[in-house]
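Student: Pasting query.cif below, which is mmCIF, C-alpha atoms and all ligand atoms.
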```
data_target
#
loop_
_atom_site.label_atom_id
_atom_site.label_comp_id
_atom_site.auth_asym_id
_atom_site.auth_seq_id
_atom_site.Cartn_x
_atom_site.Cartn_y
_atom_site.Cartn_z
CA MET A 921 -6.64 -27.19 24.15
CA PRO A 922 -7.19 -23.46 24.55
CA ASN A 923 -7.32 -21.29 21.46
CA MET A 924 -4.06 -19.57 20.71
CA PHE A 925 -3.91 -15.80 20.22
CA THR A 926 -0.83 -13.90 19.05
CA VAL A 927 0.08 -10.32 18.19
CA SER A 928 2.27 -9.05 15.36
CA PRO A 929 5.71 -8.65 17.02
CA ASP A 930 5.88 -4.98 15.93
CA PHE A 931 3.46 -3.78 18.66
CA PRO A 932 4.75 -0.81 20.69
CA PRO A 933 6.48 -2.24 23.82
CA ASP A 934 4.37 -0.16 26.22
CA HIS A 935 1.24 -1.93 24.96
CA ILE A 936 2.32 -5.40 26.00
CA SER A 937 0.25 -5.39 29.21
CA GLY A 938 -2.65 -3.99 27.15
CA TRP A 939 -2.72 -7.12 25.02
CA TYR A 940 -2.90 -9.34 28.13
CA ILE A 941 -5.74 -7.19 29.50
CA PHE A 942 -7.48 -7.44 26.14
CA ASN A 943 -7.12 -11.20 26.13
CA THR A 944 -8.70 -11.44 29.58
CA TRP A 945 -11.59 -9.27 28.39
CA LEU A 946 -11.99 -11.39 25.26
CA GLN A 947 -12.11 -14.66 27.21
CA LYS A 948 -14.70 -13.28 29.61
CA GLN A 949 -16.88 -11.94 26.81
CA THR A 950 -16.70 -14.95 24.50
CA GLY A 951 -16.52 -17.71 27.09
CA GLU A 952 -13.66 -19.22 25.09
CA ALA A 953 -10.37 -20.29 26.62
CA ILE A 954 -7.71 -18.24 24.85
CA HIS A 955 -4.00 -18.35 25.52
CA LEU A 956 -1.98 -15.28 24.47
CA GLU A 957 1.42 -16.17 23.08
CA MET A 958 3.75 -13.28 22.28
CA TYR A 959 6.55 -14.08 19.83
CA ASN A 960 9.73 -12.03 19.82
CA ASN A 961 10.09 -11.84 16.09
CA PHE A 962 8.34 -12.49 12.78
CA PRO A 963 10.12 -15.75 11.87
CA THR A 964 9.08 -17.52 15.11
CA GLN A 965 5.53 -16.20 14.75
CA ARG A 966 5.35 -17.37 11.14
CA ALA A 967 6.64 -20.81 12.14
CA ALA A 968 3.77 -21.09 14.66
CA ILE A 969 1.25 -20.03 11.97
CA ASP A 970 2.78 -22.53 9.60
CA GLN A 971 2.26 -25.30 12.16
CA ASP A 972 -1.42 -24.30 12.50
CA LYS A 973 -0.99 -23.38 16.14
CA ILE A 974 -2.69 -19.98 15.88
CA ASP A 975 -6.44 -19.29 16.07
CA LEU A 976 -6.52 -15.54 16.51
CA ILE A 977 -3.96 -12.96 15.41
CA TYR A 978 -3.49 -9.22 15.37
CA ALA A 979 -1.68 -9.42 12.07
CA ASN A 980 0.78 -7.30 10.17
CA PRO A 981 -0.63 -6.39 6.71
CA PHE A 982 2.35 -8.14 5.12
CA ASP A 983 1.23 -11.48 6.59
CA ALA A 984 -2.45 -11.05 5.70
CA ALA A 985 -2.11 -12.67 2.27
CA MET A 986 -0.56 -15.82 3.71
CA LEU A 987 -3.11 -15.97 6.55
CA VAL A 988 -6.12 -15.61 4.23
CA ARG A 989 -4.95 -17.50 1.16
CA GLU A 990 -2.91 -20.30 2.68
CA LYS A 991 -4.26 -20.67 6.20
CA GLY A 992 -7.98 -19.93 5.83
CA PHE A 993 -8.09 -16.94 8.20
CA SER A 994 -10.68 -14.23 7.81
CA PRO A 995 -10.69 -10.63 9.02
CA LEU A 996 -12.64 -9.46 12.08
CA VAL A 997 -11.78 -5.84 12.87
CA ARG A 998 -9.13 -3.15 12.73
CA PRO A 999 -8.55 -0.19 15.05
CA VAL A 1000 -10.32 2.99 13.92
CA GLY A 1001 -8.05 5.64 12.44
CA VAL A 1002 -4.84 3.60 12.68
CA THR A 1003 -3.07 2.96 9.39
CA ASP A 1004 0.52 1.96 8.75
CA GLU A 1005 2.58 4.67 7.08
CA ALA A 1006 6.33 4.88 6.57
CA ILE A 1007 8.82 7.73 6.82
CA ILE A 1008 12.22 8.13 5.21
CA ALA A 1009 14.46 10.29 7.41
CA VAL A 1010 18.08 11.42 7.46
CA GLN A 1011 20.20 13.44 9.86
CA ALA A 1012 19.13 17.09 9.98
CA GLN A 1013 22.50 18.41 8.71
CA ASN A 1014 22.47 16.05 5.73
CA ALA A 1015 22.52 18.14 2.54
CA VAL A 1016 20.16 15.71 0.81
CA GLU A 1017 16.66 17.14 0.43
CA ASP A 1018 15.15 14.56 -1.91
CA VAL A 1019 15.31 10.78 -2.17
CA ALA A 1020 16.45 11.27 -5.78
CA HIS A 1021 19.75 12.70 -4.45
CA LEU A 1022 20.66 9.59 -2.45
CA SER A 1023 23.42 7.38 -3.87
CA PRO A 1024 23.77 3.62 -4.28
CA GLY A 1025 25.68 1.97 -1.45
CA ILE A 1026 24.04 3.99 1.32
CA ARG A 1027 23.37 2.37 4.68
CA VAL A 1028 19.65 2.06 5.38
CA ALA A 1029 18.54 1.40 8.96
CA VAL A 1030 15.33 -0.66 9.17
CA THR A 1031 13.45 -2.83 11.63
CA GLU A 1032 12.09 -6.27 10.80
CA ASP A 1033 8.54 -4.87 10.46
CA PRO A 1034 7.80 -6.25 7.02
CA ASP A 1035 5.13 -3.79 5.86
CA VAL A 1036 7.04 -0.67 6.92
CA ARG A 1037 10.20 -1.96 5.31
CA LEU A 1038 8.34 -2.65 2.06
CA MET A 1039 6.69 0.79 1.97
CA GLY A 1040 10.01 2.43 2.85
CA MET A 1041 11.91 0.63 0.09
CA ILE A 1042 9.25 1.74 -2.40
CA MET A 1043 9.84 5.33 -1.35
CA LEU A 1044 13.56 4.86 -2.04
CA GLU A 1045 12.95 3.60 -5.60
CA PRO A 1046 12.72 7.11 -7.11
CA GLY A 1047 16.41 7.38 -6.13
CA ASP A 1048 17.19 4.18 -8.08
CA LEU A 1049 17.73 2.38 -4.80
CA ASP A 1050 16.61 -1.16 -4.05
CA ASN A 1051 17.64 -4.16 -1.97
CA SER A 1052 20.49 -4.91 -4.37
CA ASN A 1053 22.32 -1.61 -3.97
CA VAL A 1054 21.72 -0.49 -0.40
CA GLN A 1055 23.20 -1.89 2.77
CA ALA A 1056 20.45 -2.75 5.27
CA ILE A 1057 21.19 -2.31 8.97
CA VAL A 1058 18.51 -4.21 10.87
CA CYS A 1059 17.63 -2.64 14.24
CA ASP A 1060 15.43 -3.93 17.07
CA SER A 1061 13.44 -0.72 17.47
CA TYR A 1062 12.74 2.65 15.89
CA ILE A 1063 14.64 4.43 18.68
CA LEU A 1064 17.70 2.45 17.66
CA ILE A 1065 17.23 3.56 14.04
CA ALA A 1066 17.22 7.17 15.22
CA LYS A 1067 20.41 6.52 17.21
CA GLN A 1068 22.11 4.97 14.18
CA LEU A 1069 21.30 8.10 12.18
CA LEU A 1070 22.46 10.48 14.91
CA ARG A 1071 25.74 8.62 15.34
CA GLY A 1072 26.27 8.63 11.59
CA ASP A 1073 26.27 4.82 11.49
CA ALA A 1074 23.40 4.83 9.00
CA ASP A 1075 22.61 7.29 6.19
CA VAL A 1076 18.87 6.78 5.95
CA GLY A 1077 16.25 5.41 8.33
CA ILE A 1078 12.93 3.77 7.47
CA PHE A 1079 10.44 4.43 10.27
CA LEU A 1080 6.87 3.54 11.04
CA ALA A 1081 5.39 7.06 10.88
CA GLU A 1082 3.67 6.69 14.25
CA ALA A 1083 6.92 5.60 15.90
CA TYR A 1084 8.77 8.53 14.31
CA ASP A 1085 6.14 10.97 15.52
CA ASN A 1086 6.50 9.57 19.05
CA LEU A 1087 10.27 10.12 19.19
CA SER A 1088 11.28 12.87 21.64
CA ASN A 1089 11.46 16.40 20.28
CA ILE A 1090 15.19 16.49 21.02
CA ILE A 1091 15.75 13.52 18.72
CA LYS A 1092 13.37 14.75 16.03
CA SER A 1093 15.08 18.15 15.95
CA GLN A 1094 18.25 16.36 14.83
CA LEU A 1095 16.49 14.47 12.04
CA LYS A 1096 14.89 15.47 8.75
CA VAL A 1097 11.97 13.76 7.02
CA LEU A 1098 12.49 13.28 3.26
CA VAL A 1099 9.21 11.47 2.54
CA ARG A 1100 6.14 10.46 4.52
CA SER A 1101 3.84 7.92 2.90
CA GLN A 1102 0.13 8.71 2.50
CA ILE A 1103 -1.21 5.32 1.55
CA SER A 1104 -4.16 5.21 4.00
CA VAL A 1105 -5.33 1.66 3.21
CA VAL A 1106 -2.61 -0.49 4.78
CA HIS A 1107 -3.48 -1.52 8.33
CA HIS A 1108 -3.04 -4.24 10.94
CA SER A 1109 -6.15 -6.32 11.58
CA LEU A 1110 -7.44 -8.82 14.05
CA MET A 1111 -8.07 -12.08 12.19
CA ILE A 1112 -9.72 -15.36 13.12
CA GLY A 1113 -8.56 -18.83 12.11
CA PRO A 1114 -10.49 -21.77 10.65
CA ARG A 1115 -10.98 -23.60 13.98
CA LEU A 1116 -12.92 -20.60 15.32
CA ALA A 1117 -14.68 -19.80 12.02
CA ASP A 1118 -18.17 -20.53 13.39
CA LYS A 1119 -17.57 -17.91 16.12
CA LYS A 1120 -16.66 -15.15 13.68
CA GLU A 1121 -19.93 -13.18 13.93
CA VAL A 1122 -19.99 -13.40 17.72
CA PHE A 1123 -16.40 -12.14 18.03
CA GLN A 1124 -16.97 -9.41 15.47
CA LYS A 1125 -20.06 -8.06 17.21
CA LEU A 1126 -18.41 -8.04 20.65
CA LEU A 1127 -15.38 -6.21 19.29
CA VAL A 1128 -17.31 -3.62 17.29
CA ASP A 1129 -19.43 -2.85 20.36
CA MET A 1130 -16.44 -2.77 22.69
CA ASN A 1131 -16.20 1.03 22.93
CA ASN A 1132 -19.84 1.30 24.04
CA ASP A 1133 -19.16 0.52 27.69
CA GLU A 1134 -16.68 1.90 30.17
CA LYS A 1135 -14.92 -1.40 30.79
CA GLY A 1136 -14.37 -1.95 27.08
CA GLN A 1137 -13.17 1.62 26.61
CA GLY A 1138 -10.57 1.13 29.33
CA VAL A 1139 -9.27 -2.03 27.68
CA LEU A 1140 -9.09 -0.29 24.29
CA LYS A 1141 -7.20 2.57 25.89
CA SER A 1142 -4.57 0.17 27.20
CA LEU A 1143 -4.00 -0.84 23.56
CA GLY A 1144 -3.85 2.78 22.40
CA PHE A 1145 -7.04 2.38 20.32
CA ASP A 1146 -10.35 4.30 20.34
CA ALA A 1147 -12.54 1.55 18.89
CA TRP A 1148 -12.60 -1.43 16.55
CA ILE A 1149 -14.24 -1.24 13.16
CA ARG A 1150 -15.41 -4.22 11.10
CA VAL A 1151 -13.24 -5.36 8.21
CA ASP A 1152 -15.19 -7.21 5.55
CA ASP A 1153 -13.69 -9.86 3.31
CA GLU A 1154 -13.49 -7.61 0.24
CA GLU A 1155 -11.68 -4.84 2.13
CA MET A 1156 -9.11 -7.41 3.20
CA GLU A 1157 -8.81 -8.85 -0.31
CA PHE A 1158 -8.23 -5.33 -1.66
CA MET A 1159 -5.45 -4.72 0.87
CA ILE A 1160 -3.88 -8.09 0.05
CA ASP A 1161 -3.91 -7.27 -3.68
CA LEU A 1162 -2.37 -3.88 -2.94
CA MET A 1163 0.41 -5.41 -0.78
CA ASP A 1164 0.96 -7.91 -3.58
CA THR A 1165 1.59 -5.13 -6.13
CA LEU A 1166 4.00 -3.43 -3.71
CA ASN A 1167 5.87 -6.66 -3.13
CA THR A 1168 6.94 -6.77 -6.79
CA MET B 482 -17.31 5.26 -25.20
CA LEU B 483 -14.97 8.15 -24.51
CA ASP B 484 -15.78 11.73 -25.47
CA ASP B 485 -13.21 13.72 -27.43
CA MET B 486 -11.12 16.06 -25.29
CA LYS B 487 -12.31 19.65 -25.28
CA PRO B 488 -10.14 22.74 -25.91
CA GLU B 489 -11.75 24.55 -22.96
CA ASP B 490 -10.42 21.89 -20.56
CA ILE B 491 -6.82 22.31 -21.74
CA THR B 492 -4.17 24.39 -19.99
CA GLY B 493 -1.44 25.75 -22.30
CA ASP B 494 -0.50 25.21 -25.95
CA TYR B 495 -1.64 21.87 -27.26
CA GLN B 496 -1.37 19.43 -30.14
CA GLU B 497 -4.16 17.28 -31.44
CA VAL B 498 -4.26 13.63 -32.50
CA THR B 499 -6.90 10.94 -32.94
CA LEU B 500 -6.23 7.68 -31.09
CA ASN B 501 -7.54 4.36 -32.37
CA LEU B 502 -8.58 2.46 -29.30
CA TYR B 503 -8.66 -1.29 -28.93
CA ASP B 504 -12.43 -1.57 -29.11
CA GLY B 505 -12.49 0.13 -32.51
CA ALA B 506 -13.49 3.47 -31.04
CA LYS B 507 -11.63 6.66 -31.87
CA ARG B 508 -10.85 9.51 -29.52
CA LYS B 509 -9.51 12.95 -30.30
CA VAL B 510 -6.99 13.85 -27.63
CA LEU B 511 -5.40 17.23 -26.96
CA TYR B 512 -2.02 17.19 -25.27
CA THR B 513 0.54 19.66 -23.97
CA GLN B 514 4.18 19.37 -22.92
CA ILE B 515 3.39 20.21 -19.29
CA GLU B 516 4.44 17.54 -16.80
CA THR B 517 2.84 17.18 -13.37
CA PRO B 518 5.38 15.70 -10.93
CA TYR B 519 4.39 12.49 -9.16
CA PRO B 520 3.35 13.28 -5.56
CA ASP B 521 5.89 11.98 -3.03
CA GLY B 522 4.75 9.21 -0.72
CA LYS B 523 1.46 8.52 -2.49
CA LEU B 524 0.15 5.54 -4.40
CA ILE B 525 -2.26 6.05 -7.27
CA VAL B 526 -4.75 3.18 -7.23
CA SER B 527 -7.53 2.06 -9.55
CA THR B 528 -9.53 -1.11 -10.09
CA THR B 529 -11.29 -2.19 -13.27
CA ASP B 530 -13.76 -4.88 -14.24
CA PRO B 531 -12.45 -7.73 -16.44
CA GLU B 532 -12.92 -5.55 -19.55
CA GLY B 533 -10.83 -2.62 -18.25
CA VAL B 534 -13.75 -0.39 -17.24
CA ILE B 535 -12.87 1.62 -14.12
CA THR B 536 -14.78 0.56 -10.99
CA HIS B 537 -12.72 2.23 -8.23
CA VAL B 538 -10.20 5.08 -7.95
CA ASN B 539 -8.47 6.57 -4.92
CA GLN B 540 -8.08 10.26 -4.13
CA ALA B 541 -4.55 10.45 -5.57
CA PHE B 542 -5.88 9.07 -8.87
CA ILE B 543 -8.54 11.76 -9.01
CA GLU B 544 -6.04 14.53 -8.23
CA MET B 545 -3.42 13.39 -10.72
CA SER B 546 -5.78 12.63 -13.62
CA GLY B 547 -7.71 15.89 -13.24
CA TYR B 548 -11.06 14.12 -13.71
CA THR B 549 -13.82 13.88 -11.11
CA GLU B 550 -14.70 10.52 -9.61
CA ASP B 551 -18.00 10.56 -11.54
CA GLU B 552 -16.17 11.06 -14.84
CA LEU B 553 -13.83 8.15 -14.08
CA ILE B 554 -16.15 5.44 -12.75
CA ASN B 555 -17.54 3.36 -15.65
CA ALA B 556 -15.09 4.93 -18.11
CA PRO B 557 -12.67 2.66 -19.99
CA HIS B 558 -9.16 2.91 -18.54
CA SER B 559 -7.93 4.23 -21.88
CA ILE B 560 -9.30 7.60 -20.70
CA LEU B 561 -5.66 8.19 -19.60
CA ARG B 562 -4.10 6.89 -22.81
CA HIS B 563 -1.33 9.22 -23.97
CA PRO B 564 -0.38 9.30 -27.69
CA ASP B 565 3.31 8.87 -26.77
CA MET B 566 2.63 5.42 -25.27
CA PRO B 567 3.35 2.60 -27.73
CA PRO B 568 0.39 0.23 -28.23
CA ALA B 569 2.77 -2.71 -27.65
CA ALA B 570 3.04 -1.72 -23.98
CA PHE B 571 -0.70 -2.12 -23.42
CA LYS B 572 -0.83 -5.32 -25.47
CA ASP B 573 1.86 -6.71 -23.17
CA LEU B 574 -0.10 -5.48 -20.13
CA TRP B 575 -3.30 -7.24 -21.21
CA ASP B 576 -1.54 -10.43 -22.37
CA THR B 577 0.24 -10.65 -19.03
CA VAL B 578 -2.70 -10.06 -16.70
CA GLN B 579 -5.02 -12.27 -18.76
CA ARG B 580 -2.49 -15.08 -18.23
CA GLY B 581 -2.97 -14.44 -14.50
CA ASP B 582 0.44 -12.81 -14.02
CA LYS B 583 1.52 -9.42 -12.66
CA TRP B 584 2.53 -6.70 -15.11
CA GLN B 585 4.92 -3.93 -14.27
CA GLY B 586 5.94 -1.03 -16.45
CA PHE B 587 6.44 2.69 -16.81
CA VAL B 588 3.48 4.58 -18.19
CA LYS B 589 3.02 8.14 -19.42
CA ASN B 590 -0.55 9.15 -18.61
CA LEU B 591 -2.67 11.92 -20.11
CA ARG B 592 -4.47 14.34 -17.81
CA LYS B 593 -7.82 15.95 -18.47
CA ASP B 594 -6.02 19.31 -18.82
CA GLY B 595 -3.78 17.92 -21.59
CA GLY B 596 -0.71 17.59 -19.36
CA TYR B 597 0.99 14.32 -18.48
CA TYR B 598 2.54 12.38 -15.58
CA TRP B 599 4.84 9.37 -15.48
CA VAL B 600 4.19 6.43 -13.16
CA LYS B 601 5.62 3.03 -12.38
CA ALA B 602 2.56 0.80 -12.53
CA THR B 603 1.94 -2.72 -11.25
CA VAL B 604 -1.23 -4.43 -12.48
CA ILE B 605 -2.57 -7.65 -10.97
CA PRO B 606 -5.67 -9.78 -11.48
CA ASN B 607 -8.16 -9.71 -8.58
CA VAL B 608 -8.91 -13.36 -7.92
CA ARG B 609 -11.96 -14.06 -5.75
CA LYS B 610 -13.02 -17.66 -5.08
CA GLY B 611 -10.82 -18.76 -7.96
CA LYS B 612 -12.35 -16.33 -10.48
CA VAL B 613 -10.86 -13.17 -11.97
CA VAL B 614 -13.33 -10.42 -11.05
CA GLY B 615 -11.20 -7.49 -12.21
CA TYR B 616 -7.78 -5.93 -12.18
CA THR B 617 -6.03 -3.51 -9.83
CA SER B 618 -3.26 -1.12 -10.78
CA VAL B 619 -1.07 0.48 -8.12
CA ARG B 620 1.29 3.23 -9.30
CA ARG B 621 4.31 4.57 -7.48
CA LYS B 622 6.80 7.32 -8.14
CA PRO B 623 9.24 6.28 -10.89
CA SER B 624 12.93 7.10 -10.85
CA ARG B 625 14.02 9.82 -13.28
CA THR B 626 16.63 7.53 -14.86
CA LYS B 627 13.94 4.96 -15.69
CA VAL B 628 11.66 7.62 -17.12
CA GLU B 629 14.47 8.94 -19.31
CA GLU B 630 15.14 5.41 -20.60
CA CYS B 631 11.46 5.16 -21.56
CA ILE B 632 11.53 8.57 -23.25
CA ARG B 633 14.30 7.19 -25.49
CA LEU B 634 12.81 3.72 -25.95
CA TYR B 635 9.07 4.25 -26.49
CA PRO B 636 9.27 6.20 -29.79
CA THR B 637 11.13 3.20 -31.29
CA LEU B 638 8.25 0.83 -30.45
CA PHE B 639 5.62 2.27 -32.81
C1 LIG C 1 -6.10 -2.15 -13.93
C2 LIG C 1 -5.71 -1.45 -15.21
C3 LIG C 1 -5.16 -0.20 -15.17
C4 LIG C 1 -4.79 0.47 -16.33
N1 LIG C 1 -4.23 1.72 -16.21
C5 LIG C 1 -3.95 2.41 -17.34
C6 LIG C 1 -3.42 3.73 -17.24
O1 LIG C 1 -3.17 4.25 -16.15
N2 LIG C 1 -3.16 4.39 -18.39
C7 LIG C 1 -3.40 3.85 -19.63
O2 LIG C 1 -3.15 4.50 -20.63
N3 LIG C 1 -3.88 2.58 -19.73
C8 LIG C 1 -4.16 1.86 -18.63
N4 LIG C 1 -4.65 0.58 -18.75
C9 LIG C 1 -4.75 -0.01 -20.08
C10 LIG C 1 -6.02 0.40 -20.79
O3 LIG C 1 -7.04 -0.52 -20.44
C11 LIG C 1 -5.87 0.38 -22.31
O4 LIG C 1 -5.44 -0.90 -22.73
C12 LIG C 1 -4.81 1.38 -22.80
O5 LIG C 1 -5.12 2.69 -22.36
C13 LIG C 1 -4.71 1.43 -24.32
O6 LIG C 1 -5.94 1.57 -24.93
P1 LIG C 1 -6.51 0.47 -25.93
O7 LIG C 1 -6.31 -0.86 -25.27
O8 LIG C 1 -7.93 0.82 -26.14
O9 LIG C 1 -5.66 0.59 -27.18
C14 LIG C 1 -5.00 -0.12 -17.61
C15 LIG C 1 -5.57 -1.40 -17.64
C16 LIG C 1 -5.90 -2.08 -16.46
C17 LIG C 1 -6.50 -3.45 -16.55
#
```
What's the structure tokens form of this structure?

Tutor:
Amino acid sequence: MPNMFTVSPDFPPDHISGWYIFNTWLQKQTGEAIHLEMYNNFPTQRAAIDQDKIDLIYANPFDAAMLVREKGFSPLVRPVGVTDEAIIAVQAQNAVEDVAHLSPGIRVAVTEDPDVRLMGMIMLEPGDLDNSNVQAIVCDSYILIAKQLLRGDADVGIFLAEAYDNLSNIIKSQLKVLVRSQISVVHHSLMIGPRLADKKEVFQKLLVDMNNDEKGQGVLKSLGFDAWIRVDDEEMEFMIDLMDTLNT
Amino acid sequence: MLDDMKPEDITGDYQEVTLNLYDGAKRKVLYTQIETPYPDGKLIVSTTDPEGVITHVNQAFIEMSGYTEDELINAPHSILRHPDMPPAAFKDLWDTVQRGDKWQGFVKNLRKDGGYYWVKATVIPNVRKGKVVGYTSVRRKPSRTKVEECIRLYPTLF
């Protein structure tokens, strides 16, 4: 049975081939047979984790607690300089300038990305808004959130900051950012499961050194990353505790 | 041990009061009516050891409290204790986290310059290999309605 690798379903669509290239690189470097399985959404990925099918995962920070505390995963690396931040945006002509001016009952466009949604909802709290008094409109992508706002079908959008920044200038000129998070410590990470635990150091070293040769650099580029940096257990525990406080 | 607050650190007109802290220590605090608004989009994070002595703070904590990192690390967390906060709130905080549960509440904190800032705080025990090694508090921006409720409620809890 090959080892099973999966990627948090919120990866940018243009990186899909990058993950397959990365998996080929990883198999060659480690000598392990690794099958990459991409799931379309979080529930199907979580079901696979639950059934102990997964050995390696590029995980959303929201799932890290479950992976570490219930499934015995441990962190390997995270991409350098990439953290998850959220943005609250409205249509540019909207008179609202502050989250505090938003009213209960508003329509909030979100994706299923669990960490971004959580951070976004926390940024709506100063306006006395929470899951009980807003209407969530779940969209398949951040572009679709922007479209909902532009069409007036949603009042507020919760974006991954990176995805917002990558929207075209024409779209951004019709939107207005109310809040941008500056949390800095919430990030995706590559994690290794209990069946591969004895290979942890080998994997970690290969990944940390990956940007030192041209081949590795090319593979990283296809993922949109500059390099991997080691994540130690305490850094991961700290992030899990932080996510835990936010999830309350 | 916490030093008394010093008049030269204070910005604006201030009042003076001596707080009786949990460990029997006393601290003279100087406080003004100047509020610093909570910074949008940021979390204020600190970690303590099991006794409530600060072991880690993030940049937002340093900026909002007005202390340097050196002044904060190894200080008891009551360095931010504001005289308007009812002792019952902190008793509830400690009782809750020592049971192993999460505590959430609205806290008025005292800055080094005598001013204050309101936060919505969540405190959790840090469990490592089954042992509590400390506590982490993550603060977020509170809603004005909730803060106003606390401004009415807290004076009745003394
Ligand atoms: C993780 C953590 C964070 C805390 N943060 C604060 C804080 O921001 N402000 C504060 O006044 N007390 C805070 N406390 C509570 C203090 O330890 C202390 O109980 C409180 O200031 C009252 O002082 P006293 O217990 O000496 O009476 C915190 C405690 C913990 C464990």

Student: When you look at B:Pro568 with a cut-off of 10 Å (counting all atoms listed in the file), what residues show up, excluding the ones that are within fewer than 5 positions of it in the same chain? I need them as a list in words.

Tutor: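 Here the answer would be Asn501, Leu502, Tyr503, Arg562, Asp573, Leu574, Tyr635, Leu638 and Phe639 of chain B.
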
Student: Report as a PDB file with C-alpha atoms, in the coordinates of the input which protein, DNA and RNA residues come within 8 Å of ligand LIG 1 (chain C), using only C-alpha atoms and all ligand atoms.

Tutor:
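selection24.pdb, freshly written:
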```pdb
ATOM      1  CA  ASN B 501      -7.540   4.360 -32.370  1.00  0.00           C
ATOM      2  CA  LEU B 502      -8.580   2.460 -29.300  1.00  0.00           C
ATOM      3  CA  TYR B 503      -8.660  -1.290 -28.930  1.00  0.00           C
ATOM      4  CA  ASP B 504     -12.430  -1.570 -29.110  1.00  0.00           C
ATOM      5  CA  GLY B 505     -12.490   0.130 -32.510  1.00  0.00           C
ATOM      6  CA  ALA B 506     -13.490   3.470 -31.040  1.00  0.00           C
ATOM      7  CA  SER B 527      -7.530   2.060  -9.550  1.00  0.00           C
ATOM      8  CA  THR B 528      -9.530  -1.110 -10.090  1.00  0.00           C
ATOM      9  CA  THR B 529     -11.290  -2.190 -13.270  1.00  0.00           C
ATOM     10  CA  ASP B 530     -13.760  -4.880 -14.240  1.00  0.00           C
ATOM     11  CA  PRO B 531     -12.450  -7.730 -16.440  1.00  0.00           C
ATOM     12  CA  GLU B 532     -12.920  -5.550 -19.550  1.00  0.00           C
ATOM     13  CA  GLY B 533     -10.830  -2.620 -18.250  1.00  0.00           C
ATOM     14  CA  VAL B 534     -13.750  -0.390 -17.240  1.00  0.00           C
ATOM     15  CA  ILE B 535     -12.870   1.620 -14.120  1.00  0.00           C
ATOM     16  CA  PRO B 557     -12.670   2.660 -19.990  1.00  0.00           C
ATOM     17  CA  HIS B 558      -9.160   2.910 -18.540  1.00  0.00           C
ATOM     18  CA  SER B 559      -7.930   4.230 -21.880  1.00  0.00           C
ATOM     19  CA  ILE B 560      -9.300   7.600 -20.700  1.00  0.00           C
ATOM     20  CA  LEU B 561      -5.660   8.190 -19.600  1.00  0.00           C
ATOM     21  CA  ARG B 562      -4.100   6.890 -22.810  1.00  0.00           C
ATOM     22  CA  HIS B 563      -1.330   9.220 -23.970  1.00  0.00           C
ATOM     23  CA  MET B 566       2.630   5.420 -25.270  1.00  0.00           C
ATOM     24  CA  PRO B 568       0.390   0.230 -28.230  1.00  0.00           C
ATOM     25  CA  PHE B 571      -0.700  -2.120 -23.420  1.00  0.00           C
ATOM     26  CA  LYS B 572      -0.830  -5.320 -25.470  1.00  0.00           C
ATOM     27  CA  LEU B 574      -0.100  -5.480 -20.130  1.00  0.00           C
ATOM     28  CA  TRP B 575      -3.300  -7.240 -21.210  1.00  0.00           C
ATOM     29  CA  VAL B 578      -2.700 -10.060 -16.700  1.00  0.00           C
ATOM     30  CA  VAL B 588       3.480   4.580 -18.190  1.00  0.00           C
ATOM     31  CA  LYS B 589       3.020   8.140 -19.420  1.00  0.00           C
ATOM     32  CA  ASN B 590      -0.550   9.150 -18.610  1.00  0.00           C
ATOM     33  CA  LEU B 591      -2.670  11.920 -20.110  1.00  0.00           C
ATOM     34  CA  ALA B 602       2.560   0.800 -12.530  1.00  0.00           C
ATOM     35  CA  VAL B 604      -1.230  -4.430 -12.480  1.00  0.00           C
ATOM     36  CA  ILE B 605      -2.570  -7.650 -10.970  1.00  0.00           C
ATOM     37  CA  GLY B 615     -11.200  -7.490 -12.210  1.00  0.00           C
ATOM     38  CA  TYR B 616      -7.780  -5.930 -12.180  1.00  0.00           C
ATOM     39  CA  THR B 617      -6.030  -3.510  -9.830  1.00  0.00           C
ATOM     40  CA  SER B 618      -3.260  -1.120 -10.780  1.00  0.00           C
TER      41      SER B 618
END
```

Student: List as a Markdown table every residue of chain B that is in contact with chain A, defined as an atom at most 9 Å from one of its atoms (using only C-alpha atoms), together with the nearest atom pair and the distance in Å rounded to one decimal, sorted by chain and then rising number.

Tutor:
```
| residue | atom | partner | partner_atom | distance |
| --- | --- | --- | --- | --- |
| B:Asp521 | CA | A:Val1099 | CA | 6.5 |
| B:Gly522 | CA | A:Ser1101 | CA | 3.9 |
| B:Lys523 | CA | A:Gln1102 | CA | 5.2 |
| B:Leu524 | CA | A:Ile1103 | CA | 6.1 |
| B:Ile525 | CA | A:Ile1103 | CA | 8.9 |
| B:Val526 | CA | A:Leu1162 | CA | 8.6 |
| B:Lys583 | CA | A:Thr1165 | CA | 7.8 |
| B:Gln585 | CA | A:Thr1168 | CA | 8.3 |
| B:Ala602 | CA | A:Thr1165 | CA | 8.8 |
| B:Thr603 | CA | A:Thr1165 | CA | 5.7 |
| B:Val604 | CA | A:Thr1165 | CA | 7.0 |
| B:Ile605 | CA | A:Thr1165 | CA | 6.9 |
| B:Pro606 | CA | A:Asp1161 | CA | 8.4 |
| B:Asn607 | CA | A:Asp1161 | CA | 6.9 |
| B:Val608 | CA | A:Glu1157 | CA | 8.8 |
| B:Arg609 | CA | A:Glu1157 | CA | 8.2 |
| B:Thr617 | CA | A:Asp1161 | CA | 7.5 |
| B:Ser618 | CA | A:Thr1165 | CA | 7.8 |
| B:Val619 | CA | A:Thr1165 | CA | 6.5 |
| B:Arg620 | CA | A:Thr1165 | CA | 8.9 |
| B:Arg621 | CA | A:Ile1042 | CA | 7.6 |
| B:Lys622 | CA | A:Pro1046 | CA | 6.0 |
| B:Pro623 | CA | A:Pro1046 | CA | 5.2 |
| B:Ser624 | CA | A:Pro1046 | CA | 3.7 |
| B:Arg625 | CA | A:Pro1046 | CA | 6.9 |
| B:Thr626 | CA | A:Asp1048 | CA | 7.6 |
| B:Lys627 | CA | A:Asp1048 | CA | 8.3 |
```
